[in-house]
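K.L.:
Pasting model-v8.txt here (compact mmCIF, C-alpha atoms):
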# COMPACT_ATOMS: atom_id res chain seq x y z
CA MET A 1 79.33 145.35 -22.05
CA SER A 2 81.00 147.68 -24.53
CA GLU A 3 84.38 149.31 -24.06
CA THR A 4 82.74 152.66 -23.34
CA SER A 5 79.77 151.57 -21.28
CA ALA A 6 79.33 149.71 -18.04
CA GLU A 7 75.58 150.10 -18.28
CA PHE A 8 73.69 147.63 -16.09
CA THR A 9 70.19 148.87 -16.83
CA ASP A 10 68.10 147.84 -19.85
CA TYR A 11 66.65 151.18 -20.96
CA ASN A 12 64.96 149.60 -23.97
CA ASP A 13 62.98 147.54 -21.48
CA TYR A 14 61.68 150.38 -19.38
CA SER A 15 61.77 153.50 -21.51
CA SER A 16 57.95 153.40 -21.58
CA CYS A 17 57.62 153.41 -17.77
CA TYR A 18 60.70 155.46 -16.84
CA ASP A 19 58.71 158.61 -16.10
CA ASP A 20 56.46 156.75 -13.66
CA TYR A 21 59.41 156.28 -11.31
CA HIS A 22 61.64 159.30 -11.94
CA ALA A 23 60.95 162.92 -11.00
CA PRO A 24 63.12 165.92 -12.02
CA SER A 25 64.48 166.47 -8.52
CA GLY A 26 66.34 169.77 -8.24
CA LEU A 27 64.89 171.19 -11.45
CA ASP A 28 63.96 174.46 -9.76
CA LEU A 29 67.49 174.80 -8.37
CA PHE A 30 69.05 174.23 -11.77
CA ALA A 31 66.60 176.58 -13.49
CA ARG A 32 67.90 179.48 -11.38
CA LEU A 33 71.18 179.29 -13.29
CA LEU A 34 69.56 179.71 -16.70
CA LYS A 35 69.00 182.73 -18.93
CA PRO A 36 66.60 182.92 -21.89
CA SER A 37 69.46 183.43 -24.36
CA MET A 38 71.29 180.24 -23.39
CA ILE A 39 72.03 177.23 -25.58
CA GLY A 40 72.83 174.00 -23.77
CA LEU A 41 73.21 170.25 -23.73
CA ASP A 42 71.50 167.60 -21.63
CA ALA A 43 74.07 164.79 -21.71
CA GLY A 44 72.13 161.61 -21.07
CA CYS A 45 68.74 163.22 -21.64
CA GLY A 46 66.74 160.01 -21.34
CA THR A 47 63.03 160.69 -21.75
CA GLY A 48 63.50 164.45 -21.31
CA THR A 49 62.64 164.65 -17.61
CA TYR A 50 64.94 167.66 -17.33
CA MET A 51 65.52 168.55 -20.96
CA ILE A 52 61.94 169.45 -21.91
CA PRO A 53 61.19 171.85 -19.01
CA LEU A 54 64.66 173.39 -19.41
CA ALA A 55 64.02 174.01 -23.12
CA GLU A 56 61.02 176.11 -22.11
CA LYS A 57 63.37 178.50 -20.30
CA VAL A 58 66.22 178.88 -22.82
CA THR A 59 66.82 179.34 -26.56
CA PHE A 60 67.82 175.78 -27.47
CA VAL A 61 68.74 172.48 -25.83
CA SER A 62 70.37 169.47 -27.45
CA GLY A 63 69.64 166.09 -25.94
CA LEU A 64 72.27 163.37 -26.12
CA ASP A 65 71.53 159.76 -25.26
CA ALA A 66 72.87 156.38 -26.34
CA ASN A 67 69.45 154.71 -26.24
CA GLU A 68 67.15 155.06 -29.24
CA GLU A 69 63.98 154.20 -27.31
CA MET A 70 64.62 156.84 -24.65
CA ILE A 71 65.10 159.48 -27.35
CA LYS A 72 61.91 158.34 -29.05
CA VAL A 73 59.91 158.80 -25.86
CA CYS A 74 61.53 162.21 -25.32
CA LYS A 75 60.56 163.37 -28.82
CA GLU A 76 56.96 162.24 -28.30
CA LYS A 77 56.73 164.04 -24.94
CA ALA A 78 58.19 167.23 -26.39
CA ALA A 79 55.73 167.16 -29.28
CA ARG A 80 52.77 166.77 -26.91
CA ARG A 81 54.02 169.69 -24.84
CA GLY A 82 54.64 171.86 -27.90
CA VAL A 83 58.39 172.14 -27.29
CA SER A 84 60.29 172.47 -30.57
CA ASN A 85 63.55 174.28 -29.66
CA ILE A 86 65.39 170.99 -29.16
CA GLY A 87 67.63 168.62 -31.11
CA PHE A 88 69.01 165.14 -30.54
CA VAL A 89 72.28 163.25 -30.82
CA GLN A 90 72.30 159.48 -30.35
CA GLN A 91 75.66 158.49 -28.87
CA SER A 92 77.36 157.71 -25.58
CA VAL A 93 78.56 160.50 -23.33
CA CYS A 94 81.95 158.72 -23.44
CA GLU A 95 82.48 159.71 -27.07
CA LYS A 96 83.74 163.01 -28.46
CA LEU A 97 80.86 165.46 -28.47
CA PRO A 98 79.74 166.85 -31.84
CA PHE A 99 80.07 170.46 -30.67
CA ASP A 100 82.78 173.07 -31.16
CA ASP A 101 85.06 174.23 -28.37
CA SER A 102 83.46 176.79 -26.03
CA SER A 103 80.18 176.69 -27.93
CA LEU A 104 77.59 175.90 -25.24
CA ASP A 105 76.34 177.99 -22.33
CA PHE A 106 75.62 174.98 -20.16
CA ILE A 107 76.00 171.23 -20.05
CA MET A 108 74.01 169.19 -17.59
CA CYS A 109 74.43 165.50 -16.84
CA SER A 110 72.00 163.82 -14.45
CA HIS A 111 72.60 160.38 -12.94
CA VAL A 112 74.59 159.14 -15.93
CA LEU A 113 78.19 158.75 -14.78
CA CYS A 114 77.41 155.70 -12.62
CA HIS A 115 76.41 153.84 -15.80
CA ILE A 116 79.65 154.26 -17.72
CA ASP A 117 82.30 152.91 -15.34
CA THR A 118 82.63 149.94 -13.00
CA GLY A 119 84.91 151.76 -10.56
CA LYS A 120 88.17 153.63 -10.12
CA PRO A 121 89.92 155.33 -11.84
CA PHE A 122 86.65 156.18 -13.68
CA PRO A 123 88.21 156.59 -17.13
CA ASN A 124 84.91 157.06 -18.95
CA ALA A 125 83.54 159.61 -16.47
CA ARG A 126 86.80 161.53 -16.71
CA ARG A 127 86.64 161.48 -20.50
CA ALA A 128 83.02 162.65 -20.47
CA ILE A 129 83.66 165.50 -18.03
CA SER A 130 86.66 166.64 -20.04
CA GLU A 131 84.43 166.83 -23.11
CA PHE A 132 81.81 168.79 -21.16
CA CYS A 133 84.50 171.29 -20.19
CA ARG A 134 85.82 171.51 -23.75
CA VAL A 135 82.47 172.50 -25.27
CA CYS A 136 81.45 174.79 -22.38
CA LYS A 137 81.79 178.54 -22.95
CA LYS A 138 84.63 180.15 -21.03
CA SER A 139 84.29 183.80 -21.98
CA ALA A 140 83.32 185.90 -18.94
CA GLY A 141 83.04 182.69 -16.93
CA GLU A 142 79.32 182.50 -17.59
CA GLY A 143 79.24 178.98 -19.01
CA PHE A 144 78.87 176.11 -16.59
CA VAL A 145 78.82 172.34 -16.32
CA ALA A 146 76.31 170.81 -13.89
CA ILE A 147 76.67 167.22 -12.70
CA LEU A 148 73.74 165.76 -10.77
CA LEU A 149 74.51 162.64 -8.76
CA THR A 150 73.78 160.93 -5.46
CA THR A 151 76.67 160.98 -2.99
CA PRO A 152 77.61 157.93 -0.88
CA GLU A 153 76.11 159.55 2.21
CA GLN A 154 72.86 160.24 0.38
CA HIS A 155 72.75 156.69 -0.99
CA ARG A 156 73.20 155.11 2.42
CA ASP A 157 71.07 157.43 4.56
CA THR A 158 68.23 159.05 2.60
CA PHE A 159 66.54 156.16 0.76
CA TRP A 160 64.64 154.07 3.29
CA TYR A 161 65.08 150.83 1.37
CA SER A 162 68.88 151.18 1.34
CA HIS A 163 68.63 149.81 4.89
CA TYR A 164 67.58 146.48 3.39
CA ASN A 165 69.91 146.43 0.39
CA PRO A 166 73.38 147.49 1.60
CA THR A 167 75.18 145.25 -0.89
CA GLY A 168 73.45 146.82 -3.89
CA VAL A 169 74.03 150.31 -2.50
CA GLU A 170 77.76 149.76 -1.93
CA ARG A 171 78.19 148.25 -5.39
CA TYR A 172 76.46 151.27 -6.88
CA ILE A 173 78.66 153.66 -4.89
CA GLU A 174 81.73 151.94 -6.30
CA ARG A 175 80.57 152.91 -9.82
CA GLU A 176 79.89 156.58 -9.04
CA ILE A 177 82.73 159.09 -9.22
CA SER A 178 83.22 160.71 -5.80
CA GLU A 179 83.03 164.42 -5.04
CA GLN A 180 86.78 164.52 -4.46
CA GLU A 181 87.48 162.87 -7.81
CA LEU A 182 84.90 165.08 -9.49
CA ARG A 183 86.66 168.18 -8.20
CA SER A 184 89.99 166.76 -9.35
CA VAL A 185 88.93 166.11 -12.95
CA PHE A 186 87.36 169.57 -13.18
CA GLU A 187 90.58 171.14 -11.95
CA GLU A 188 92.52 169.17 -14.56
CA ASN A 189 90.37 170.95 -17.16
CA ASP A 190 90.74 174.42 -15.60
CA PHE A 191 87.26 174.35 -14.08
CA SER A 192 86.29 174.66 -10.42
CA ILE A 193 83.11 173.67 -8.61
CA THR A 194 81.53 176.96 -7.56
CA ASP A 195 78.13 175.81 -6.27
CA VAL A 196 76.63 172.70 -4.74
CA PHE A 197 72.85 172.36 -4.45
CA HIS A 198 71.11 169.58 -2.52
CA CYS A 199 67.94 168.15 -4.06
CA ARG A 200 65.52 167.28 -1.29
CA GLU A 201 62.60 166.02 -3.35
CA PRO A 202 62.34 162.21 -3.64
CA LEU A 203 63.96 161.06 -6.89
CA GLN A 204 61.02 158.72 -7.52
CA GLY A 205 58.42 161.40 -6.87
CA ASN A 206 55.26 160.23 -5.13
CA MET A 207 56.10 156.60 -5.87
CA TYR A 208 58.73 156.80 -3.14
CA TYR A 209 56.09 157.10 -0.43
CA ASN A 210 54.44 153.78 -1.29
CA LEU A 211 56.46 151.49 0.99
CA SER A 212 55.10 148.31 -0.55
CA GLY A 213 56.10 149.62 -3.97
CA VAL A 214 59.57 148.10 -3.63
CA LEU A 215 57.93 144.67 -3.83
CA ASN A 216 56.92 145.57 -7.39
CA LYS A 217 59.47 144.51 -10.00
CA GLU A 218 58.66 147.61 -12.08
CA PHE A 219 59.73 149.83 -9.18
CA ARG A 220 62.95 147.92 -8.57
CA LYS A 221 64.11 147.90 -12.17
CA ASN A 222 63.83 151.69 -12.16
CA ASP A 223 66.31 152.01 -9.28
CA SER A 224 69.74 150.72 -10.21
CA THR A 225 70.75 149.70 -6.68
CA TRP A 226 68.24 146.85 -6.84
CA LEU A 227 69.86 145.48 -9.99
CA LEU A 228 73.29 145.11 -8.40
CA ALA A 229 72.53 142.50 -5.74
CA PRO A 230 70.43 139.88 -7.57
CA GLU A 231 71.81 137.03 -5.48
CA GLU A 232 70.35 138.61 -2.32
CA MET A 233 67.03 139.78 -3.71
CA GLU A 234 64.81 136.96 -2.44
CA GLY A 235 66.01 137.43 1.14
CA ILE A 236 65.78 141.22 0.93
CA LEU A 237 62.18 141.17 -0.27
CA GLU A 238 61.16 138.67 2.38
CA LYS A 239 62.66 140.86 5.11
CA ILE A 240 60.80 143.89 3.76
CA ARG A 241 57.53 141.94 3.68
CA GLN A 242 58.01 140.92 7.29
CA ASP A 243 58.87 144.45 8.43
CA LEU A 244 55.92 145.92 6.55
CA GLU A 245 53.58 143.50 8.32
CA LYS A 246 55.13 144.29 11.72
CA GLY A 247 55.15 148.03 11.12
CA LEU A 248 58.94 148.18 11.43
CA ALA A 249 59.49 149.45 7.89
CA ALA A 250 57.61 152.64 8.77
CA GLN A 251 60.26 153.55 11.35
CA VAL A 252 63.06 152.83 8.87
CA PHE A 253 61.27 155.14 6.45
CA LEU A 254 60.94 157.94 9.03
CA ASP A 255 64.62 157.72 9.94
CA ALA A 256 65.56 158.06 6.27
CA GLU A 257 63.08 160.92 5.83
CA ARG A 258 64.85 162.97 8.48
CA ARG A 259 68.13 162.56 6.60
CA ARG A 260 66.50 163.26 3.22
CA ILE A 261 65.19 166.57 4.49
CA GLU A 262 68.63 167.40 5.92
CA ILE A 263 70.91 166.52 2.98
CA GLY A 264 68.67 165.58 0.03
CA GLN A 265 68.73 162.47 -2.14
CA ALA A 266 70.99 164.01 -4.79
CA SER A 267 73.34 166.94 -5.29
CA ILE A 268 74.06 169.26 -8.22
CA PHE A 269 77.73 170.17 -8.61
CA VAL A 270 78.16 173.31 -10.75
CA ALA A 271 81.60 174.01 -12.24
CA ARG A 272 82.88 177.04 -14.14
CA TYR A 273 86.07 177.93 -15.97
CA ASN A 274 88.61 179.25 -13.49
CA LYS A 275 91.51 180.57 -15.58
CA CYS A 276 91.86 184.24 -16.44
CA LYS A 277 94.12 184.61 -19.43
CA GLU A 278 94.95 187.81 -21.27
CA GLY A 279 92.24 188.66 -23.73
CA ASP A 280 89.75 185.99 -22.68
CA GLY A 281 87.23 188.50 -21.33
CA LEU A 282 86.92 187.06 -17.85
CA GLU A 283 85.73 189.44 -15.17
CA HIS A 284 87.21 189.51 -11.65
Please express the file's structure as structure tokens.

P.N.:
Amino acid sequence: MSETSAEFTDYNDYSSCYDDYHAPSGLDLFARLLKPSMIGLDAGCGTGTYMIPLAEKVTFVSGLDANEEMIKVCKEKAARRGVSNIGFVQQSVCEKLPFDDSSLDFIMCSHVLCHIDTGKPFPNARRAISEFCRVCKKSAGEGFVAILLTTPEQHRDTFWYSHYNPTGVERYIEREISEQELRSVFEENDFSITDVFHCREPLQGNMYYNLSGVLNKEFRKNDSTWLLAPEEMEGILEKIRQDLEKGLAAQVFLDAERRRIEIGQASIFVARYNKCKEGDGLEH
């Protein structure tokens, strides 16, 4: 583990299958905030799940990721789709961003912050968010920072298999900056959260509906909660097998589905500059 990364997932190992188990949940919600003239950054772009479709709606998007293999897959996908208005930076989101102050219309960061800290006081997440705020445009208050993450309530209630893996879920929650702390660090940088959108589509896309899929190692290594309770995995999988055979897992799934439809499996927190200083052009 490096000083700036608490990453517990081997992205080199599954960059080639990442897209099989990850869907761009909330993409339509995020797209509503965009304008064709915008220039933005996808911080932690991965394989371009969000970055590539976003680039089709704006002038230019830079993708930043620490993993070379993920960037490679993203470039290949973009080329196949004919998307060329993109650029890449290989580095951690914890480092100083190679962009000038107030130079970007938007910065988005999806499910990244949980991989850069092991818990409070979340120094790396705070550093990353401060950098997002620094490079975000402040004139007229049009620039924004969007953080997509899964809240503790969503973790516990809206994924059916969380019922079987509470230890992994709680350990994951410990690594994810809370909404209260997120609001605090934005305020420290003169930004305020102005919108919160709840993403109700399953984060794993159609793969989520295959209840026996969790018995597949490929599925589990693409959901970080499974990687955080290795000492309990054998017992967890055996319990799931038994409940699948008895039909009990189906009821657990339906209970979680009701909550997923109510509150979503992830949330997008949108923050904008909140200070009006003489001559900065902000409208009231």

K.L.:
Set the distance at 7 Å and use only C-alpha atoms: which residues neighbour stretch 72-80 of chain A once local chain neighbours fewer than 4 positions away are removed? I'd like the list as number ranges by chain.

P.N.:
A: 46-48, 52, 68

K.L.:
For atom CA of A:Ile193 and atom CA of A:Val270, determine how far apart the two atoms are, in Å to one decimal place.

P.N.:
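A separation of 5.4 Å between them.
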
K.L.:
Please determine, counting only C-alpha atoms, which residue among A:Gly44, A:Ile268, A:Met70, A:Phe106 has the shortest atom-to-atom distance to A:Ser92.

P.N.:
A:Gly44

K.L.:
Of the residues A:Phe132, A:Phe197, A:Trp160, A:Tyr209, which is the one nearest to A:Cys109, using all atoms listed in the file?

P.N.:
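Smallest separation from A:Cys109 among the options: A:Phe132.
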
K.L.:
Could you tell me how far atom CA of A:Ile86 sits from atom CA of A:Leu54, in Å to one decimal place?

P.N.:
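Result for atom CA of A:Leu54 versus atom CA of A:Ile86: 10.1 Å, one decimal.
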
K.L.:
Fewer than 6 positions away in the same chain doesn't count, so skip those; otherwise give me all residues within 7 Å of A:Gln265, counting all atoms listed in the file, as a list of chain:residue names.

P.N.:
A:Thr150, A:Gln154, A:Thr158, A:Cys199, A:Arg200, A:Pro202, A:Leu203

K.L.:
Let me have the centre and edge lengths of the axis-aligned box enclosing all listed atoms of stretch 177-192 of chain A with 8 Å padding on every side, in Å to one decimal, as JSON.

P.N.:
{"center_x": 87.6, "center_y": 166.9, "center_z": -10.8, "size_x": 25.8, "size_y": 31.6, "size_z": 28.7}

K.L.:
I'd like to know which of A:Leu244, A:Cys133, A:Val83, A:Leu227 is closest to A:Thr167, using only C-alpha atoms.

P.N.:
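Nearest candidate to A:Thr167 out of A:Leu244, A:Cys133, A:Val83, A:Leu227: A:Leu227.
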
K.L.:
Determine the nearest neighbour of A:Phe60 from the options A:Ile129, A:Val89, A:Val135, A:Leu104, counting all atoms listed in the file.

P.N.:
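Closest to A:Phe60, using all atoms listed in the file: A:Leu104.
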
K.L.:
Using all atoms listed in the file, determine which residues lie at most 8 Å from stretch 219-226 of chain A, disregarding the query and same-chain residues fewer than 4 positions distant; provide the list as a ChimeraX atom specification.

P.N.:
/A:8-9,14,18,21-22,165,168-169,171-172,213-215,230,233

K.L.:
Measuring between all atoms listed in the file, which one of A:Asn85, A:Ser102, A:Ser267, A:Gln90 shows the shortest distance to A:Asn67?

P.N.:
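Selected residue with least distance to A:Asn67: A:Gln90.
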
K.L.:
Please write as a ChimeraX atom specification the list of polymer residues whose atoms come within 7 Å of (78.4, 155.4, 1.8), counting only C-alpha atoms and keeping to the coordinates of the file.

P.N.:
/A:152-153,155-156,170,173

K.L.:
Check the smallest atom-to-atom distance from each of A:Gly63, A:Gly87, A:Gly247, A:Pro24 to A:His111 using all atoms listed in the file, then report the winner.

P.N.:
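The answer is A:Pro24, which sits nearest to A:His111.
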
K.L.:
Which residues are near A:Phe253? Cut-off 12 Å, only C-alpha atoms, ignore same chain within fewer than 6 positions. Put them as a VMD selection string.

P.N.:
chain A and resid 157 to 164 208 to 212 240 243 to 244 247 259 to 260

K.L.:
List the spatial neighbours of A:Asp190 as a PyMOL selection string - criterion: any atom at most 8 Å away, only C-alpha atoms, same-chain residues fewer than 6 positions off excluded.

P.N.:
chain A and resi 273-275

K.L.:
Next, dump the selected residues to file, keeping only C-alpha atoms, as a PDB file, keeping the file's coordinate frame.

P.N.:
ATOM      1  CA  TYR A 273      86.070 177.930 -15.970  1.00  0.00           C
ATOM      2  CA  ASN A 274      88.610 179.250 -13.490  1.00  0.00           C
ATOM      3  CA  LYS A 275      91.510 180.570 -15.580  1.00  0.00           C
TER       4      LYS A 275
END
